[in-house]
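With compact mmCIF, C-alpha atoms inside, this is work29.txt:
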```txt
# COMPACT_ATOMS: atom_id res chain seq x y z
CA MET A 228 25.45 8.24 -2.38
CA SER A 229 24.57 6.05 -5.38
CA ASN A 230 27.01 8.02 -7.54
CA PRO A 231 30.10 9.23 -5.61
CA TYR A 232 30.91 11.76 -8.33
CA LEU A 233 27.66 13.73 -7.98
CA PRO A 234 27.44 16.51 -5.39
CA TYR A 235 24.33 17.38 -3.42
CA PRO A 236 22.95 20.83 -4.28
CA VAL A 237 23.05 23.17 -1.29
CA ARG A 238 22.23 26.80 -0.60
CA ILE A 239 24.46 29.13 1.39
CA GLU A 240 22.38 30.21 4.37
CA SER A 241 25.01 32.42 6.01
CA ILE A 242 28.70 33.32 5.84
CA VAL A 243 30.81 34.34 8.84
CA THR A 244 34.23 35.95 8.44
CA GLU A 245 36.32 34.26 11.12
CA SER A 246 39.72 35.97 10.94
CA GLU A 247 40.84 39.57 10.89
CA ASP A 248 42.73 39.00 7.63
CA ARG A 249 39.40 37.82 6.13
CA ASN A 250 41.04 34.72 4.70
CA GLN A 251 38.91 32.29 6.72
CA LYS A 252 35.15 32.20 6.30
CA THR A 253 32.61 29.73 7.67
CA PHE A 254 29.79 28.71 5.33
CA LYS A 255 26.51 27.43 6.75
CA LEU A 256 24.84 25.30 4.07
CA VAL A 257 21.36 23.81 3.79
CA PHE A 258 20.32 21.04 1.40
CA LEU A 259 17.97 22.00 -1.44
CA ASN A 260 16.32 18.59 -1.77
CA PRO A 261 14.37 16.96 1.06
CA GLY A 262 16.09 13.79 2.18
CA ASP A 263 19.62 14.77 1.11
CA GLU A 264 20.53 15.74 4.67
CA GLU A 265 19.57 12.25 5.82
CA LYS A 266 21.72 10.73 3.05
CA PHE A 267 24.66 12.93 4.08
CA LYS A 268 25.35 11.02 7.30
CA TYR A 269 28.75 11.90 8.69
CA THR A 270 30.89 11.50 11.78
CA PRO A 271 33.34 14.06 13.24
CA GLY A 272 36.68 13.72 11.47
CA GLN A 273 35.31 13.26 7.96
CA PHE A 274 35.57 15.71 5.07
CA ALA A 275 33.67 16.58 1.91
CA GLU A 276 34.29 18.17 -1.48
CA LEU A 277 32.88 21.68 -1.95
CA SER A 278 32.12 22.17 -5.63
CA VAL A 279 31.44 25.17 -7.83
CA ALA A 280 30.05 24.46 -11.30
CA GLY A 281 32.57 25.29 -14.01
CA LEU A 282 35.45 25.81 -11.58
CA GLY A 283 36.06 22.57 -9.72
CA GLU A 284 36.02 21.32 -6.15
CA ILE A 285 38.14 21.40 -3.00
CA PRO A 286 38.36 18.97 -0.05
CA ILE A 287 37.43 20.59 3.27
CA GLY A 288 36.98 19.08 6.74
CA ILE A 289 33.40 19.19 8.04
CA ALA A 290 33.22 21.79 10.82
CA SER A 291 29.68 21.09 11.99
CA SER A 292 28.68 18.21 14.23
CA PRO A 293 26.07 15.58 13.29
CA THR A 294 24.29 16.65 16.49
CA GLU A 295 23.60 20.01 14.79
CA LYS A 296 20.56 19.48 12.60
CA GLY A 297 19.29 21.31 9.51
CA PHE A 298 22.65 22.45 8.15
CA ILE A 299 26.32 21.62 7.64
CA LYS A 300 29.28 23.94 8.15
CA PHE A 301 32.65 24.34 6.45
CA THR A 302 35.41 26.83 7.23
CA VAL A 303 37.28 27.69 4.03
CA ASN A 304 40.77 29.17 3.86
CA LYS A 305 41.25 31.45 0.85
CA VAL A 306 44.22 29.96 -1.02
CA GLY A 307 43.24 29.12 -4.61
CA LYS A 308 40.75 29.48 -7.45
CA VAL A 309 37.81 27.59 -5.96
CA SER A 310 38.26 28.87 -2.41
CA SER A 311 38.62 32.46 -3.68
CA HIS A 312 35.39 32.09 -5.65
CA LEU A 313 33.63 30.73 -2.56
CA HIS A 314 34.81 33.75 -0.59
CA ASN A 315 33.11 35.99 -3.16
CA MET A 316 29.77 34.14 -3.00
CA LYS A 317 26.81 35.44 -1.02
CA ALA A 318 24.06 34.04 1.17
CA GLY A 319 21.40 32.53 -1.11
CA ASP A 320 23.88 31.31 -3.72
CA VAL A 321 23.77 27.64 -4.71
CA MET A 322 26.78 25.31 -4.81
CA GLY A 323 27.50 21.58 -4.35
CA VAL A 324 28.74 19.28 -1.59
CA ARG A 325 30.07 15.78 -2.37
CA GLY A 326 30.48 13.31 0.45
CA PRO A 327 30.87 12.62 3.28
CA LEU A 328 34.30 11.17 2.58
CA GLY A 329 37.13 9.46 4.42
CA ASN A 330 37.19 7.87 7.84
CA TRP A 331 36.65 9.53 11.21
CA TYR A 332 37.92 9.74 14.75
CA PRO A 333 37.34 6.35 16.48
CA TRP A 334 34.48 7.37 18.76
CA ASP A 335 33.67 3.81 19.79
CA ILE A 336 37.22 3.38 21.10
CA LEU A 337 37.24 6.87 22.67
CA GLU A 338 34.13 6.17 24.73
CA GLY A 339 34.96 6.18 28.45
CA LYS A 340 38.33 7.84 27.86
CA ASN A 341 39.78 11.26 28.65
CA ILE A 342 40.26 13.25 25.44
CA VAL A 343 43.00 15.77 24.69
CA ILE A 344 42.27 17.92 21.63
CA ILE A 345 45.25 19.78 20.12
CA GLY A 346 44.72 22.13 17.19
CA GLY A 347 46.46 24.91 15.34
CA GLY A 348 45.37 27.60 12.92
CA PHE A 349 42.51 27.05 10.48
CA ALA A 350 42.86 23.24 10.78
CA PHE A 351 40.62 23.45 13.84
CA THR A 352 37.53 22.61 11.75
CA THR A 353 37.07 18.88 12.43
CA LEU A 354 38.18 19.53 16.01
CA ARG A 355 35.34 22.03 16.36
CA SER A 356 33.02 19.29 15.07
CA SER A 357 34.43 16.87 17.63
CA ILE A 358 34.08 19.27 20.57
CA VAL A 359 30.47 20.12 19.73
CA TYR A 360 29.77 16.40 19.31
CA MET A 361 31.26 15.48 22.70
CA LEU A 362 29.60 18.37 24.53
CA ASP A 363 26.14 17.47 23.26
CA PRO A 364 24.05 16.52 26.33
CA ALA A 365 23.37 13.07 24.86
CA ASN A 366 27.10 12.41 24.37
CA ARG A 367 28.91 14.20 27.20
CA PRO A 368 28.47 11.33 29.72
CA ARG A 369 30.20 8.99 27.26
CA PHE A 370 33.57 10.73 27.69
CA GLY A 371 35.83 11.58 30.60
CA LYS A 372 37.85 14.76 31.03
CA ILE A 373 38.19 16.95 27.93
CA ASP A 374 41.24 19.21 27.48
CA VAL A 375 41.67 21.48 24.46
CA VAL A 376 44.90 23.19 23.43
CA TYR A 377 44.25 25.53 20.51
CA GLY A 378 46.64 28.06 19.08
CA ALA A 379 47.05 30.58 16.26
CA ARG A 380 49.71 33.05 15.25
CA SER A 381 47.76 35.98 16.71
CA PRO A 382 44.40 36.62 18.45
CA GLY A 383 42.81 37.81 15.22
CA LEU A 384 43.46 34.47 13.52
CA LEU A 385 41.63 32.31 16.07
CA LEU A 386 38.48 30.67 14.70
CA TYR A 387 35.08 30.39 16.37
CA LYS A 388 35.83 33.09 18.96
CA GLU A 389 32.32 33.17 20.45
CA GLU A 390 32.30 29.41 20.90
CA LEU A 391 35.77 29.44 22.41
CA ALA A 392 34.55 31.95 24.99
CA ALA A 393 31.43 29.88 25.69
CA TRP A 394 33.42 26.67 26.13
CA GLU A 395 35.77 28.45 28.51
CA GLN A 396 32.85 29.21 30.81
CA ARG A 397 31.89 25.55 31.11
CA ASP A 398 33.13 23.29 33.87
CA ASP A 399 33.10 20.10 31.79
CA ILE A 400 35.82 21.14 29.33
CA HIS A 401 39.23 22.71 29.96
CA MET A 402 40.33 25.27 27.37
CA HIS A 403 43.98 26.25 26.87
CA ILE A 404 43.98 28.97 24.19
CA THR A 405 47.29 30.37 23.01
CA VAL A 406 48.86 32.61 20.38
CA ASP A 407 52.44 32.70 19.13
CA GLY A 408 52.72 36.33 20.16
CA THR A 409 50.67 39.49 20.68
CA ASN A 410 50.95 43.15 21.68
CA ASP A 411 47.32 43.23 22.82
CA PRO A 412 47.28 44.44 26.45
CA ASN A 413 43.85 42.86 26.90
CA TRP A 414 44.99 39.37 25.91
CA LYS A 415 44.30 37.16 28.95
CA TYR A 416 45.22 33.73 27.65
CA ASN A 417 48.49 31.92 26.94
CA VAL A 418 51.35 33.15 24.78
CA GLY A 419 53.53 30.46 23.23
CA PHE A 420 53.63 27.80 20.56
CA VAL A 421 51.20 24.90 20.80
CA PRO A 422 53.87 22.26 21.64
CA ALA A 423 55.19 24.39 24.52
CA ILE A 424 51.72 25.06 25.92
CA THR A 425 50.84 21.37 25.62
CA LYS A 426 53.94 20.52 27.67
CA GLN A 427 53.19 23.29 30.17
CA LYS A 428 49.60 22.23 30.76
CA ALA A 429 50.70 18.56 30.77
CA PRO A 430 47.37 16.77 30.32
CA SER A 431 47.48 13.31 31.87
CA ALA A 432 48.03 10.36 29.56
CA GLU A 433 46.26 8.01 31.96
CA ASN A 434 43.19 6.52 30.27
CA SER A 435 43.56 9.25 27.63
CA TYR A 436 43.69 9.68 23.87
CA ALA A 437 45.12 12.69 22.06
CA ILE A 438 43.60 14.01 18.82
CA ILE A 439 45.83 16.42 16.94
CA CYS A 440 45.19 18.43 13.78
CA GLY A 441 47.05 21.44 12.47
CA PRO A 442 49.97 22.60 10.34
CA PRO A 443 52.54 19.83 9.75
CA ILE A 444 55.25 21.81 11.59
CA MET A 445 53.01 22.09 14.66
CA ILE A 446 52.27 18.39 14.61
CA LYS A 447 55.94 17.53 14.12
CA PHE A 448 56.96 19.31 17.32
CA THR A 449 53.90 18.30 19.36
CA LEU A 450 54.23 14.55 18.82
CA PRO A 451 57.45 14.30 20.91
CA VAL A 452 55.72 16.25 23.69
CA LEU A 453 52.84 13.78 23.75
CA THR A 454 55.30 10.89 23.80
CA GLU A 455 57.14 12.52 26.70
CA LEU A 456 53.84 12.88 28.56
CA GLY A 457 53.30 9.15 28.23
CA PHE A 458 50.90 8.84 25.30
CA PRO A 459 51.67 5.61 23.38
CA PRO A 460 51.57 5.78 19.55
CA GLU A 461 48.25 3.93 19.33
CA ARG A 462 46.64 6.64 21.51
CA ILE A 463 47.82 9.59 19.43
CA ILE A 464 45.37 10.25 16.59
CA SER A 465 46.25 12.59 13.74
CA SER A 466 44.51 13.80 10.59
CA LEU A 467 46.39 14.16 7.31
CA GLU A 468 43.96 16.76 5.98
CA MET A 469 46.66 18.41 3.87
CA ARG A 470 46.83 15.20 1.79
CA MET A 471 43.14 15.02 0.82
CA LYS A 472 42.49 15.16 -2.92
CA CYS A 473 39.61 13.60 -4.92
CA GLY A 474 38.06 11.84 -1.93
CA ILE A 475 37.61 8.40 -3.46
CA GLY A 476 41.14 7.28 -4.32
CA ILE A 477 40.82 7.63 -8.08
CA CYS A 478 43.33 10.39 -8.82
CA GLY A 479 46.11 8.64 -6.87
CA ARG A 480 47.64 11.88 -5.57
CA CYS A 481 46.94 11.25 -1.88
CA ASN A 482 48.88 8.03 -1.38
CA ILE A 483 51.49 7.55 1.34
CA GLY A 484 53.17 4.24 0.68
CA THR A 485 50.34 1.73 0.30
CA GLU A 486 47.69 3.93 1.92
CA TYR A 487 45.31 6.33 0.19
CA VAL A 488 44.51 9.20 2.56
CA CYS A 489 41.15 9.88 0.89
CA LYS A 490 39.98 6.28 1.42
CA ASP A 491 42.05 4.87 4.29
CA GLY A 492 42.27 8.21 6.15
CA PRO A 493 42.54 11.08 6.70
CA VAL A 494 42.52 9.87 10.34
CA PHE A 495 45.44 7.66 11.40
CA THR A 496 47.06 6.78 14.70
CA LEU A 497 50.73 7.51 15.14
CA ALA A 498 51.26 3.75 15.33
CA GLN A 499 49.80 3.42 11.83
CA LEU A 500 51.80 6.37 10.48
CA SER A 501 55.05 4.95 11.86
CA LYS A 502 54.75 2.10 9.34
CA LEU A 503 54.47 4.51 6.40
CA PRO A 504 56.88 6.98 4.74
CA GLY A 505 57.38 9.97 7.03
CA GLU A 506 54.95 12.88 6.85
CA TYR A 507 56.10 14.93 9.85
```
What does the file become when written as C-alpha cells?
Amino acid sequence: MSNPYLPYPVRIESIVTESEDRNQKTFKLVFLNPGDEEKFKYTPGQFAELSVAGLGEIPIGIASSPTEKGFIKFTVNKVGKVSSHLHNMKAGDVMGVRGPLGNWYPWDILEGKNIVIIGGGFAFTTLRSSIVYMLDPANRPRFGKIDVVYGARSPGLLLYKEELAAWEQRDDIHMHITVDGTNDPNWKYNVGFVPAITKQKAPSAENSYAIICGPPIMIKFTLPVLTELGFPPERIISSLEMRMKCGIGICGRCNIGTEYVCKDGPVFTLAQLSKLPGEY
C-alpha cells in the first residue's frame, strides 16, 4: 500500500455464525476495486485492520489462505464497539480492510518439516489459514506429517465445524479435536484441556516444528509439554495476536521490551520470546 493508513474498500459477501453463543462470526469480504486483491498480498500468519467509518478499526488475524482466490475471510469475536457493530452488519454492506500487516509463519523454513498445529478457542483463525494453505494440492508435497490439536470450552464453541469434519476424513492430516468438557452423548472426540491432549497424542518432535496460537493461559501450559516432547525453543512458533494494535508501530502500545508486535511480530519463536519480558 502506498499509504499504510488507508484501508481498501470491501463488500461483505456473506456472514457465517460460527459459535452457538453467536459471539464469533466469519466475514467473507470481496474487494470493490479491481486490482486491490492483487495489492493485498498476504501470507498465513499475518493480520489486518478491519475498519468501520466513524467508529474505528480492530486488528484481526486473516482466516483465509492466499490459495483461496476472490475473497478474504476474518472471524470476529464480539467484544467491543467495532466488533459489535460488525456483528450487526449484513451481506452487501461496505467496510474497510487495512493491511496486510505483521510478519508470518516461516514457511520457507517449515518446508520439508513435520508440522504440529496447536490452537484454542477463537484464536484458530490464522491456523485455519495455515491448514488450508498446507493442504492445497500445490503445497501439500512441500510438508511432511501434519498434526492438529484444536480445543474449545465446549462443542458449540468450535470454529469451522464443517471444515474440521472434512479434514478429519483426509489421510494426509491428523486431527485431534477436544473440548474442556461436555454432556453431549454424541460427542465422539477428545475431552480434556489442550495441553493434556497434546501430551496424550505426543506428536513427534523429530524433524518437526510446532505452531501454537490461542489464549495466553493455554499457551502457558502447552509450552512445557512441547519442551517435554523434545521441541527446542527455536522450533516452537507462537503468535502474540492479543498484543496487536495499530499495525504499523506508531501508537507504541504493542511493544514488549525492544520489540513491536505489530512490526516485528506477531509471530515469534520461543527462542526469541525468551529474550524478552515474559508474556506467558
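Distances to Asp399 in chain A were evaluated for A:Leu362, A:Cys481, A:Leu354, A:Val375 using only C-alpha atoms, and the minimum falls at A:Leu362.
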Problem set entry | For range 456-459 of chain A: contacts at 8 Å, all atoms listed in the file, fewer than 6 positions along chain excluded, given as a ChimeraX atom specification | /A:426,429-432,435-437
For this session: Using all atoms listed in the file, pick whichever of A:Glu433, A:Asp407, A:Glu284, A:Glu240 has the shortest atom-to-atom distance to Asn341 in chain A.
Result: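 Smallest distance to Asn341 in chain A is found for A:Glu433.
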Exercise. Using only C-alpha atoms, which residues sit within 9 Å of Thr425 in chain A once same-chain residues fewer than 6 positions away are excluded, as a ChimeraX atom specification?
Worked result: /A:345,376,403,449,452-453
Sorted by chain and rising residue number, list the residues of range 256-368 of chain A at most 8 Å from range 384-387 of chain A (counting only C-alpha atoms), each with its closest atom pair and distance in Å to one decimal, as JSON lines.
```
{"residue": "A:Gly348", "atom": "CA", "partner": "A:Leu385", "partner_atom": "CA", "distance": 6.8}
{"residue": "A:Phe349", "atom": "CA", "partner": "A:Leu386", "partner_atom": "CA", "distance": 6.9}
{"residue": "A:Phe351", "atom": "CA", "partner": "A:Leu386", "partner_atom": "CA", "distance": 7.6}
```
For this session: Enter the distance from CA of Gly371 in chain A to CA of Val343 in chain A, in Å, rounded to one decimal.
Result: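 It comes out at 10.2 Å.
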Exercise. What is the distance between CA of Pro422 in chain A and CA of Ile336 in chain A, in Å to one decimal?
Worked result: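 Atom-to-atom, CA of Pro422 in chain A and CA of Ile336 in chain A are spaced 25.2 Å apart.
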For this session: Name the closest residue to Arg462 in chain A among the candidates A:Lys255, A:Lys340, A:Lys268, A:Lys300; distances are taken between atoms, counting all atoms listed in the file.
Result: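 Selected residue with least distance to Arg462 in chain A: A:Lys340.
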Problem set entry | Proximity to Phe258 in chain A - best of A:Phe298, A:Glu245, A:Pro368, A:Leu282, all atoms listed in the file |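 For Phe258 in chain A, the nearest of the candidates is A:Phe298.
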For this session: Grab the CA of Ala393 in chain A to CA of Ser310 in chain A distance for me, in Å with one decimal place.
Result: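 Distance between the two atoms: 28.9 Å.
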Exercise. Could you tell me, as a list of chain:residue names, which residues have any atom at most 10 Å from (37.3, 33.5, 9.0), counting all atoms listed in the file?
Worked result: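 Here is the list of nearby residues: A:Ile242, A:Val243, A:Thr244, A:Glu245, A:Ser246, A:Glu247, A:Asp248, A:Arg249, A:Asn250, A:Gln251, A:Lys252, A:Thr253, A:Phe254, A:Thr302, A:Val303, A:Asn304, A:Lys305, A:His314, A:Phe349, A:Gly383, A:Leu384, A:Leu385, A:Leu386, A:Tyr387.
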For this session: Skip Thr294 in chain A itself and residues of its chain fewer than 6 positions away, then list as a ChimeraX atom specification all residues within 10 Å of it, counting all atoms listed in the file.
Result: /A:270-271,356,359-366
Exercise. Nearest to Gly378 in chain A: which of A:Asn417, A:Thr352, A:Thr409, A:Gln396 is it, counting only C-alpha atoms?
Worked result: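 Of the candidates, the smallest distance to Gly378 in chain A is held by A:Asn417.
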Exercise. A:Val309, A:Ile400, A:Ala350, A:Val406: which is nearest Pro442 in chain A, counting all atoms listed in the file?
Worked result: A:Ala350
Filled-in N, CA and C atoms of range 472-502 of chain A, supplied as a CSV table (one decimal), keeping the file's coordinate frame:
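Below is the file part.csv, written as the result:
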```
chain,number,residue,atom,x,y,z
A,472,LYS,N,42.6,14.8,-1.5
A,472,LYS,CA,42.5,15.2,-2.9
A,472,LYS,C,41.1,14.9,-3.4
A,473,CYS,N,40.9,13.8,-4.3
A,473,CYS,CA,39.6,13.6,-4.9
A,473,CYS,C,38.6,13.0,-4.0
A,474,GLY,N,39.0,12.4,-2.9
A,474,GLY,CA,38.1,11.8,-1.9
A,474,GLY,C,37.7,10.4,-2.1
A,475,ILE,N,38.0,9.8,-3.3
A,475,ILE,CA,37.6,8.4,-3.5
A,475,ILE,C,38.8,7.6,-4.0
A,476,GLY,N,40.0,8.1,-4.0
A,476,GLY,CA,41.1,7.3,-4.3
A,476,GLY,C,41.3,7.0,-5.8
A,477,ILE,N,40.7,7.8,-6.6
A,477,ILE,CA,40.8,7.6,-8.1
A,477,ILE,C,42.0,8.4,-8.7
A,478,CYS,N,42.3,9.6,-8.2
A,478,CYS,CA,43.3,10.4,-8.8
A,478,CYS,C,44.7,9.9,-8.4
A,479,GLY,N,44.8,9.2,-7.3
A,479,GLY,CA,46.1,8.6,-6.9
A,479,GLY,C,47.1,9.6,-6.3
A,480,ARG,N,46.7,10.9,-6.0
A,480,ARG,CA,47.6,11.9,-5.6
A,480,ARG,C,47.7,12.0,-4.0
A,481,CYS,N,47.0,11.1,-3.3
A,481,CYS,CA,46.9,11.2,-1.9
A,481,CYS,C,47.7,10.1,-1.2
A,482,ASN,N,48.3,9.2,-2.0
A,482,ASN,CA,48.9,8.0,-1.4
A,482,ASN,C,50.1,8.3,-0.6
A,483,ILE,N,50.3,7.6,0.5
A,483,ILE,CA,51.5,7.6,1.3
A,483,ILE,C,51.8,6.1,1.4
A,484,GLY,N,52.9,5.7,0.7
A,484,GLY,CA,53.2,4.2,0.7
A,484,GLY,C,52.0,3.5,0.1
A,485,THR,N,51.5,2.5,0.8
A,485,THR,CA,50.3,1.7,0.3
A,485,THR,C,49.0,2.3,0.7
A,486,GLU,N,49.0,3.4,1.4
A,486,GLU,CA,47.7,3.9,1.9
A,486,GLU,C,47.2,5.1,1.1
A,487,TYR,N,45.9,5.2,0.9
A,487,TYR,CA,45.3,6.3,0.2
A,487,TYR,C,44.6,7.2,1.3
A,488,VAL,N,45.1,8.4,1.5
A,488,VAL,CA,44.5,9.2,2.6
A,488,VAL,C,43.0,9.4,2.4
A,489,CYS,N,42.6,9.6,1.1
A,489,CYS,CA,41.2,9.9,0.9
A,489,CYS,C,40.3,8.7,1.3
A,490,LYS,N,40.8,7.5,1.2
A,490,LYS,CA,40.0,6.3,1.4
A,490,LYS,C,40.3,5.7,2.8
A,491,ASP,N,41.6,5.5,3.1
A,491,ASP,CA,42.0,4.9,4.3
A,491,ASP,C,42.2,5.9,5.4
A,492,GLY,N,42.2,7.1,5.2
A,492,GLY,CA,42.3,8.2,6.2
A,492,GLY,C,41.1,9.2,5.9
A,493,PRO,N,41.3,10.4,6.3
A,493,PRO,CA,42.5,11.1,6.7
A,493,PRO,C,43.0,10.8,8.1
A,494,VAL,N,42.2,10.1,8.9
A,494,VAL,CA,42.5,9.9,10.3
A,494,VAL,C,43.4,8.6,10.5
A,495,PHE,N,44.5,8.8,11.1
A,495,PHE,CA,45.4,7.7,11.4
A,495,PHE,C,46.0,7.8,12.8
A,496,THR,N,46.3,6.7,13.4
A,496,THR,CA,47.1,6.8,14.7
A,496,THR,C,48.5,6.9,14.4
A,497,LEU,N,49.3,7.4,15.3
A,497,LEU,CA,50.7,7.5,15.1
A,497,LEU,C,51.3,6.1,14.9
A,498,ALA,N,50.8,5.1,15.5
A,498,ALA,CA,51.3,3.8,15.3
A,498,ALA,C,51.1,3.3,13.9
A,499,GLN,N,50.0,3.7,13.2
A,499,GLN,CA,49.8,3.4,11.8
A,499,GLN,C,50.8,4.2,11.0
A,500,LEU,N,50.9,5.5,11.3
A,500,LEU,CA,51.8,6.4,10.5
A,500,LEU,C,53.3,5.9,10.6
A,501,SER,N,53.7,5.4,11.7
A,501,SER,CA,55.0,5.0,11.9
A,501,SER,C,55.5,3.8,10.9
A,502,LYS,N,54.5,3.2,10.3
A,502,LYS,CA,54.8,2.1,9.3
A,502,LYS,C,54.8,2.6,7.9
```
